[in-house]
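Have a look at the structure below, then the notes.
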Amino acid sequence: MKCQIQKRIYSNIFSLLVISIVLNTVTVGCKEKKNDKLQTIIEQKEVNIIGEKKPNIVIIYLDDLGYGDVSSYGANGLVTPHIDNLVSGGIKFTNGYATSATCSPSRYALLTGMYPWRNKDAKILPGTAPLLIKEDQLTIPKLLKENGYSTGVVGKWHLGLGKGIVNWNKKVAPGPNEVGFDYAYIMAATQDRVPTVYIDNGFVENLDPNDPIEISYKENFLGQPTGKSNPELLKMKWHHGHNSSIINGIPRIGYMKGGQAAKWVDEDMADNFLNKAKNFVKAHKKEPFFLYYAMQQPHVPRTPNSRFVGKSELGPRGDVIVEADWCIGEFIKTLKQEKLLENTLIVLTSDNGPVLNDGYYDEAVEKLGDHNPNGTLRGGKYSLFEAGTRVPFVTYWKGKIRPMVSDALVCQVDLMASIAELVGDVTENTDSQNLLETFLGTNKNGREELVIEATTRTAFRKGNWVMIPPYKGPVLETQVNIELGNSDEYMLFNLKNDIEQKNNLASKMPEKLEEMLNDFKKIRGNDYNKTEQLELK
């Protein structure tokens, strides 16, 4: 990090020296030429490594969207035409991965370029968790700010806020603004966790100072109804874990008191985040910008706006995917209207694999029909099997990226180094690999190996092979009906021949297993089996 900062300081000093030389070597009588020279240098600072104007960069990050949840990836019972347009006009990656099978770790890796298992605190966070990213840590928005970009995040954060004790009635910091984002309009954690309010650049939106917010994840506040004690107040029934404070008729994780005027309306959330994302684009259209558009769909509680109720055959879970697709279409329309589409790199992906019943009864299981949110993959959210981390992954840049399907192995952790290359910068001491040519479709090769994580357990992908070490714990998490990848034995699969991971080759190919295990340990270390038990909370 120190070396990076020194390089950038030297670069800026050099730029100033060049400007100074230009200004001092041109005669006063050639004022017009001097201005032209200066303007040329300024424009050159806005040019990337491939000799073109630096593009806008947008990451559209969905929440719990499975490999098979998009129609262009094989979905049934719903249609996603706007995502499909990105797929058909860009690169559809068939081996695109999140680093983790749960949300907070994946988001950490995306923004920092670091494997989440390197940070012991990178796990599913409560709404009161302190900021997970260190304030002096390199992030994508920090890197881009140093290269002249305006940076923004809209949507789900879930990377912690503050330093452990937060007063929600004052400025909440540190947060996104302190790790590189100029603009941050977020929810603190998830839609099913308190506090159920929007936070605008550190301040709770619409907060009435006479109705202060109190938050606890340990005990309820006196006189406050809960999903467990007051089922008659519910419009959505809880299945497991979601039985604490009731907001808008929906029981949540954690307890909340006060802040009535600031509470969000769940059914309006998608529209609200969409409008903020569109406004950010319009406000920064004259300069390079980076937007991290972190959508909440199809995470629970699934609360589609009335316009989208019944738009799929899959109940609320399918309806919110259709709603998310519409939002993406409207966002792309804004880029087009502002004449920005041809200079905007768009990355669309998901934080982890799918889950049906994740705490509420919403007919996700009953209305599944022929739809398989996993595609042909095994597992799902929380799982070390493929469906936990292999997700839809699309890159799109109109006029720059040639439409194709790529089987290259790529990961969200690689966006850091690749974006740095795109804007003419470098990163050091991260797990991120520069795959810019792969993301732009000029190279068919991806990374050789990848460590994937699920609730502190890790596995190893190399080439067409994946190795899952033995882990204690249940084979099946019955509350969500997902195979977790736990076993008393090593598991070894050839994904080229066995994408469904049905044929464990560990006992038949001991030499290959030993090779995979040794390569895994070189990256992960020997203490990979120090894990924590999964808690659905």
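Chain lettering (A, B, ...) mirrors the order of the structure tokens, residue numbering begins at 1 for each chain separately, and ligand numbering begins at 1 in order of display.
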- Residues near stretch 442-447 of chain A, cut-off 7 Å, only C-alpha atoms, skip fewer than 4 positions along chain, as a count of residues only: 7
- Query: Nearest to A:Asp407 among A:Gly310, A:Pro81, A:Gly380, A:Gly96, with distances taken over only C-alpha atoms: which residue is it?
  - Reply: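 With only C-alpha atoms as the atom set, the closest residue is A:Gly96.
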- Query: Looking at only C-alpha atoms, which of A:Glu448, A:Arg118, A:Thr112, A:Glu489 is the one that sits closest to A:Ser507?
  - Reply: A:Glu489
- Task: Would you list, as a PyMOL selection string, the residues of stretch 88-129 of chain A that end up in strand (DSSP E or B) under DSSP run on this structure's backbone?
- Result: chain A and resi 91-97+100
Could you write out the selected residues, including all heavy atoms, as a PDB file, in the first residue's frame?
```
ATOM      1  N   ILE A  91     -20.577 -10.157 -22.665  1.00  0.00           N
ATOM      2  CA  ILE A  91     -19.961 -11.467 -22.424  1.00  0.00           C
ATOM      3  C   ILE A  91     -20.715 -12.179 -21.317  1.00  0.00           C
ATOM      4  O   ILE A  91     -20.834 -11.664 -20.198  1.00  0.00           O
ATOM      5  CB  ILE A  91     -18.480 -11.337 -22.045  1.00  0.00           C
ATOM      6  CG1 ILE A  91     -17.706 -10.592 -23.131  1.00  0.00           C
ATOM      7  CG2 ILE A  91     -17.857 -12.723 -21.818  1.00  0.00           C
ATOM      8  CD1 ILE A  91     -16.255 -10.326 -22.778  1.00  0.00           C
ATOM      9  N   LYS A  92     -21.204 -13.349 -21.627  1.00  0.00           N
ATOM     10  CA  LYS A  92     -21.845 -14.219 -20.647  1.00  0.00           C
ATOM     11  C   LYS A  92     -20.790 -15.196 -20.140  1.00  0.00           C
ATOM     12  O   LYS A  92     -20.313 -16.045 -20.874  1.00  0.00           O
ATOM     13  CB  LYS A  92     -23.011 -14.980 -21.281  1.00  0.00           C
ATOM     14  CG  LYS A  92     -23.619 -16.045 -20.385  1.00  0.00           C
ATOM     15  CD  LYS A  92     -24.647 -16.866 -21.151  1.00  0.00           C
ATOM     16  CE  LYS A  92     -25.185 -18.023 -20.309  1.00  0.00           C
ATOM     17  NZ  LYS A  92     -26.168 -18.845 -21.055  1.00  0.00           N
ATOM     18  N   PHE A  93     -20.416 -15.047 -18.863  1.00  0.00           N
ATOM     19  CA  PHE A  93     -19.439 -15.948 -18.280  1.00  0.00           C
ATOM     20  C   PHE A  93     -20.150 -17.156 -17.669  1.00  0.00           C
ATOM     21  O   PHE A  93     -21.087 -16.999 -16.889  1.00  0.00           O
ATOM     22  CB  PHE A  93     -18.605 -15.231 -17.218  1.00  0.00           C
ATOM     23  CG  PHE A  93     -17.636 -14.239 -17.789  1.00  0.00           C
ATOM     24  CD1 PHE A  93     -17.961 -12.885 -17.867  1.00  0.00           C
ATOM     25  CD2 PHE A  93     -16.398 -14.652 -18.274  1.00  0.00           C
ATOM     26  CE1 PHE A  93     -17.071 -11.971 -18.405  1.00  0.00           C
ATOM     27  CE2 PHE A  93     -15.501 -13.745 -18.808  1.00  0.00           C
ATOM     28  CZ  PHE A  93     -15.838 -12.407 -18.887  1.00  0.00           C
ATOM     29  N   THR A  94     -19.689 -18.330 -18.032  1.00  0.00           N
ATOM     30  CA  THR A  94     -20.277 -19.561 -17.490  1.00  0.00           C
ATOM     31  C   THR A  94     -19.524 -20.047 -16.255  1.00  0.00           C
ATOM     32  O   THR A  94     -20.019 -20.913 -15.535  1.00  0.00           O
ATOM     33  CB  THR A  94     -20.264 -20.676 -18.543  1.00  0.00           C
ATOM     34  OG1 THR A  94     -18.905 -20.973 -18.900  1.00  0.00           O
ATOM     35  CG2 THR A  94     -21.037 -20.253 -19.784  1.00  0.00           C
ATOM     36  N   ASN A  95     -18.331 -19.478 -16.025  1.00  0.00           N
ATOM     37  CA  ASN A  95     -17.526 -19.815 -14.858  1.00  0.00           C
ATOM     38  C   ASN A  95     -17.195 -18.563 -14.062  1.00  0.00           C
ATOM     39  O   ASN A  95     -16.051 -18.310 -13.708  1.00  0.00           O
ATOM     40  CB  ASN A  95     -16.228 -20.516 -15.274  1.00  0.00           C
ATOM     41  CG  ASN A  95     -16.426 -21.980 -15.589  1.00  0.00           C
ATOM     42  OD1 ASN A  95     -16.618 -22.802 -14.697  1.00  0.00           O
ATOM     43  ND2 ASN A  95     -16.395 -22.312 -16.873  1.00  0.00           N
ATOM     44  N   GLY A  96     -18.238 -17.762 -13.788  1.00  0.00           N
ATOM     45  CA  GLY A  96     -18.076 -16.539 -13.021  1.00  0.00           C
ATOM     46  C   GLY A  96     -18.452 -16.774 -11.570  1.00  0.00           C
ATOM     47  O   GLY A  96     -19.508 -17.336 -11.279  1.00  0.00           O
ATOM     48  N   TYR A  97     -17.606 -16.329 -10.642  1.00  0.00           N
ATOM     49  CA  TYR A  97     -17.788 -16.649  -9.230  1.00  0.00           C
ATOM     50  C   TYR A  97     -17.814 -15.408  -8.336  1.00  0.00           C
ATOM     51  O   TYR A  97     -17.085 -14.444  -8.561  1.00  0.00           O
ATOM     52  CB  TYR A  97     -16.637 -17.533  -8.737  1.00  0.00           C
ATOM     53  CG  TYR A  97     -16.704 -18.965  -9.199  1.00  0.00           C
ATOM     54  CD1 TYR A  97     -16.305 -19.307 -10.485  1.00  0.00           C
ATOM     55  CD2 TYR A  97     -17.162 -19.973  -8.363  1.00  0.00           C
ATOM     56  CE1 TYR A  97     -16.359 -20.621 -10.924  1.00  0.00           C
ATOM     57  CE2 TYR A  97     -17.221 -21.300  -8.794  1.00  0.00           C
ATOM     58  CZ  TYR A  97     -16.811 -21.612 -10.071  1.00  0.00           C
ATOM     59  OH  TYR A  97     -16.874 -22.921 -10.510  1.00  0.00           O
ATOM     60  N   SER A 100     -17.645 -15.902  -2.083  1.00  0.00           N
ATOM     61  CA  SER A 100     -18.273 -16.520  -0.917  1.00  0.00           C
ATOM     62  C   SER A 100     -19.721 -16.878  -1.207  1.00  0.00           C
ATOM     63  O   SER A 100     -20.366 -16.284  -2.073  1.00  0.00           O
ATOM     64  CB  SER A 100     -18.212 -15.568   0.284  1.00  0.00           C
ATOM     65  OG  SER A 100     -18.877 -16.110   1.404  1.00  0.00           O
TER      66      SER A 100
END
```
- Task: Would you please give, as a ChimeraX atom specification, all residues of stretch 256-340 of chain A that DSSP assigns to helix (DSSP H, G or I) based on the backbone?
- Result: /A:260-262,266-283,306-308,316-337
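Put simply, atom CA of A:Thr226 is 6.2 Å away from atom CA of A:Asn243.
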- Task: Mind checking which residues fall within 10 Å of stretch 463-472 of chain A, counting only C-alpha atoms, ignoring those fewer than 3 positions away in the same chain, and posting them as a PyMOL selection string?
- Result: chain A and resi 384-386+408-409+446-452+457-460+475+484-499+501+504-506+512-514+516-517+520+528-533
Keeping only N, CA and C atoms, write the selected residues to a file as a short mmCIF file (atom, residue, chain, number, x, y, z; two decimals), in the first residue's frame.
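For reference, part-v1.cif as written:
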```
data_model
loop_
_atom_site.label_atom_id
_atom_site.label_comp_id
_atom_site.auth_asym_id
_atom_site.auth_seq_id
_atom_site.Cartn_x
_atom_site.Cartn_y
_atom_site.Cartn_z
N LEU A 384 -20.69 -24.99 -0.05
CA LEU A 384 -19.42 -25.09 -0.77
C LEU A 384 -19.57 -25.74 -2.13
N PHE A 385 -20.71 -26.34 -2.40
CA PHE A 385 -20.94 -26.86 -3.75
C PHE A 385 -21.12 -25.67 -4.70
N GLU A 386 -21.08 -25.96 -5.99
CA GLU A 386 -20.97 -24.93 -7.02
C GLU A 386 -22.06 -23.85 -6.96
N ALA A 408 -14.11 -18.87 -19.42
CA ALA A 408 -12.95 -18.51 -18.59
C ALA A 408 -13.34 -18.44 -17.13
N LEU A 409 -12.44 -18.89 -16.27
CA LEU A 409 -12.65 -18.83 -14.83
C LEU A 409 -12.36 -17.41 -14.34
N GLY A 446 -8.77 -17.22 -18.25
CA GLY A 446 -9.10 -16.65 -16.95
C GLY A 446 -8.03 -16.99 -15.94
N ARG A 447 -8.39 -16.97 -14.67
CA ARG A 447 -7.44 -17.35 -13.63
C ARG A 447 -7.30 -18.87 -13.60
N GLU A 448 -6.20 -19.36 -13.08
CA GLU A 448 -5.93 -20.79 -13.03
C GLU A 448 -6.59 -21.45 -11.83
N GLU A 449 -6.66 -20.73 -10.70
CA GLU A 449 -7.15 -21.34 -9.47
C GLU A 449 -7.91 -20.31 -8.64
N LEU A 450 -8.72 -20.83 -7.73
CA LEU A 450 -9.60 -19.95 -6.94
C LEU A 450 -9.96 -20.64 -5.63
N VAL A 451 -9.86 -19.90 -4.53
CA VAL A 451 -10.34 -20.39 -3.24
C VAL A 451 -11.74 -19.82 -3.03
N ILE A 452 -12.70 -20.70 -2.79
CA ILE A 452 -14.06 -20.26 -2.52
C ILE A 452 -14.40 -20.51 -1.05
N ARG A 457 -15.83 -21.94 5.92
CA ARG A 457 -15.21 -23.12 5.31
C ARG A 457 -14.74 -22.75 3.90
N THR A 458 -13.64 -23.37 3.47
CA THR A 458 -13.11 -23.04 2.15
C THR A 458 -12.86 -24.30 1.32
N ALA A 459 -12.90 -24.11 0.00
CA ALA A 459 -12.65 -25.18 -0.97
C ALA A 459 -11.78 -24.61 -2.08
N PHE A 460 -11.40 -25.45 -3.03
CA PHE A 460 -10.40 -25.05 -4.01
C PHE A 460 -10.79 -25.48 -5.41
N VAL A 475 -24.83 -32.36 6.89
CA VAL A 475 -24.75 -32.47 5.43
C VAL A 475 -25.79 -31.56 4.79
N LEU A 484 -24.74 -28.40 2.35
CA LEU A 484 -23.72 -27.43 2.71
C LEU A 484 -22.34 -27.77 2.20
N GLY A 485 -22.11 -29.03 1.81
CA GLY A 485 -20.78 -29.43 1.38
C GLY A 485 -19.95 -30.00 2.51
N ASN A 486 -20.58 -30.34 3.63
CA ASN A 486 -19.88 -30.98 4.74
C ASN A 486 -19.81 -32.48 4.51
N SER A 487 -18.67 -33.08 4.89
CA SER A 487 -18.49 -34.52 4.73
C SER A 487 -17.35 -34.99 5.61
N ASP A 488 -17.34 -36.26 5.95
CA ASP A 488 -16.23 -36.85 6.69
C ASP A 488 -15.05 -37.14 5.78
N GLU A 489 -15.25 -37.08 4.48
CA GLU A 489 -14.23 -37.44 3.51
C GLU A 489 -13.93 -36.26 2.58
N TYR A 490 -12.76 -36.32 1.96
CA TYR A 490 -12.47 -35.36 0.91
C TYR A 490 -13.40 -35.59 -0.27
N MET A 491 -13.74 -34.52 -0.95
CA MET A 491 -14.53 -34.62 -2.18
C MET A 491 -13.74 -33.99 -3.32
N LEU A 492 -13.72 -34.68 -4.44
CA LEU A 492 -12.99 -34.23 -5.63
C LEU A 492 -13.88 -34.44 -6.84
N PHE A 493 -14.11 -33.36 -7.59
CA PHE A 493 -15.00 -33.43 -8.74
C PHE A 493 -14.33 -32.84 -9.98
N ASN A 494 -14.58 -33.47 -11.12
CA ASN A 494 -14.18 -32.91 -12.41
C ASN A 494 -15.40 -32.21 -13.00
N LEU A 495 -15.40 -30.90 -12.96
CA LEU A 495 -16.59 -30.13 -13.34
C LEU A 495 -16.87 -30.19 -14.83
N LYS A 496 -15.85 -30.46 -15.63
CA LYS A 496 -16.06 -30.55 -17.08
C LYS A 496 -16.95 -31.75 -17.41
N ASN A 497 -16.75 -32.84 -16.69
CA ASN A 497 -17.52 -34.06 -16.95
C ASN A 497 -18.68 -34.25 -15.97
N ASP A 498 -18.67 -33.49 -14.88
CA ASP A 498 -19.64 -33.74 -13.80
C ASP A 498 -20.04 -32.42 -13.16
N ILE A 499 -20.73 -31.59 -13.92
CA ILE A 499 -21.10 -30.28 -13.44
C ILE A 499 -22.04 -30.35 -12.24
N GLN A 501 -21.77 -32.43 -9.82
CA GLN A 501 -20.99 -32.91 -8.68
C GLN A 501 -21.62 -34.16 -8.03
N ASN A 504 -17.86 -38.37 -6.79
CA ASN A 504 -16.70 -38.03 -5.99
C ASN A 504 -15.53 -38.93 -6.38
N LEU A 505 -14.47 -38.33 -6.92
CA LEU A 505 -13.33 -39.08 -7.44
C LEU A 505 -12.15 -39.13 -6.46
N ALA A 506 -12.33 -38.68 -5.24
CA ALA A 506 -11.22 -38.57 -4.29
C ALA A 506 -10.53 -39.91 -4.05
N LYS A 512 -4.22 -36.96 -7.76
CA LYS A 512 -4.85 -35.68 -8.10
C LYS A 512 -5.35 -34.98 -6.84
N LEU A 513 -5.91 -35.73 -5.93
CA LEU A 513 -6.37 -35.16 -4.66
C LEU A 513 -5.21 -34.54 -3.90
N GLU A 514 -4.08 -35.24 -3.83
CA GLU A 514 -2.91 -34.71 -3.12
C GLU A 514 -2.39 -33.45 -3.78
N MET A 516 -4.15 -31.27 -5.55
CA MET A 516 -5.10 -30.20 -5.26
C MET A 516 -4.96 -29.70 -3.82
N LEU A 517 -4.81 -30.63 -2.90
CA LEU A 517 -4.70 -30.26 -1.49
C LEU A 517 -3.43 -29.45 -1.23
N PHE A 520 -3.87 -25.99 -2.66
CA PHE A 520 -4.82 -25.28 -1.80
C PHE A 520 -4.12 -24.74 -0.55
N TYR A 528 -6.84 -24.30 7.61
CA TYR A 528 -8.10 -24.07 6.89
C TYR A 528 -9.30 -24.71 7.58
N ASN A 529 -9.05 -25.71 8.45
CA ASN A 529 -10.18 -26.41 9.08
C ASN A 529 -10.63 -25.78 10.39
N LYS A 530 -10.11 -24.59 10.72
CA LYS A 530 -10.61 -23.86 11.88
C LYS A 530 -11.82 -23.04 11.44
N THR A 531 -12.98 -23.60 11.62
CA THR A 531 -14.21 -23.00 11.08
C THR A 531 -15.21 -22.71 12.19
N GLU A 532 -16.25 -22.00 11.83
CA GLU A 532 -17.33 -21.69 12.76
C GLU A 532 -18.63 -22.30 12.26
N GLN A 533 -19.49 -22.64 13.19
CA GLN A 533 -20.76 -23.27 12.84
C GLN A 533 -21.70 -22.26 12.19
#
```
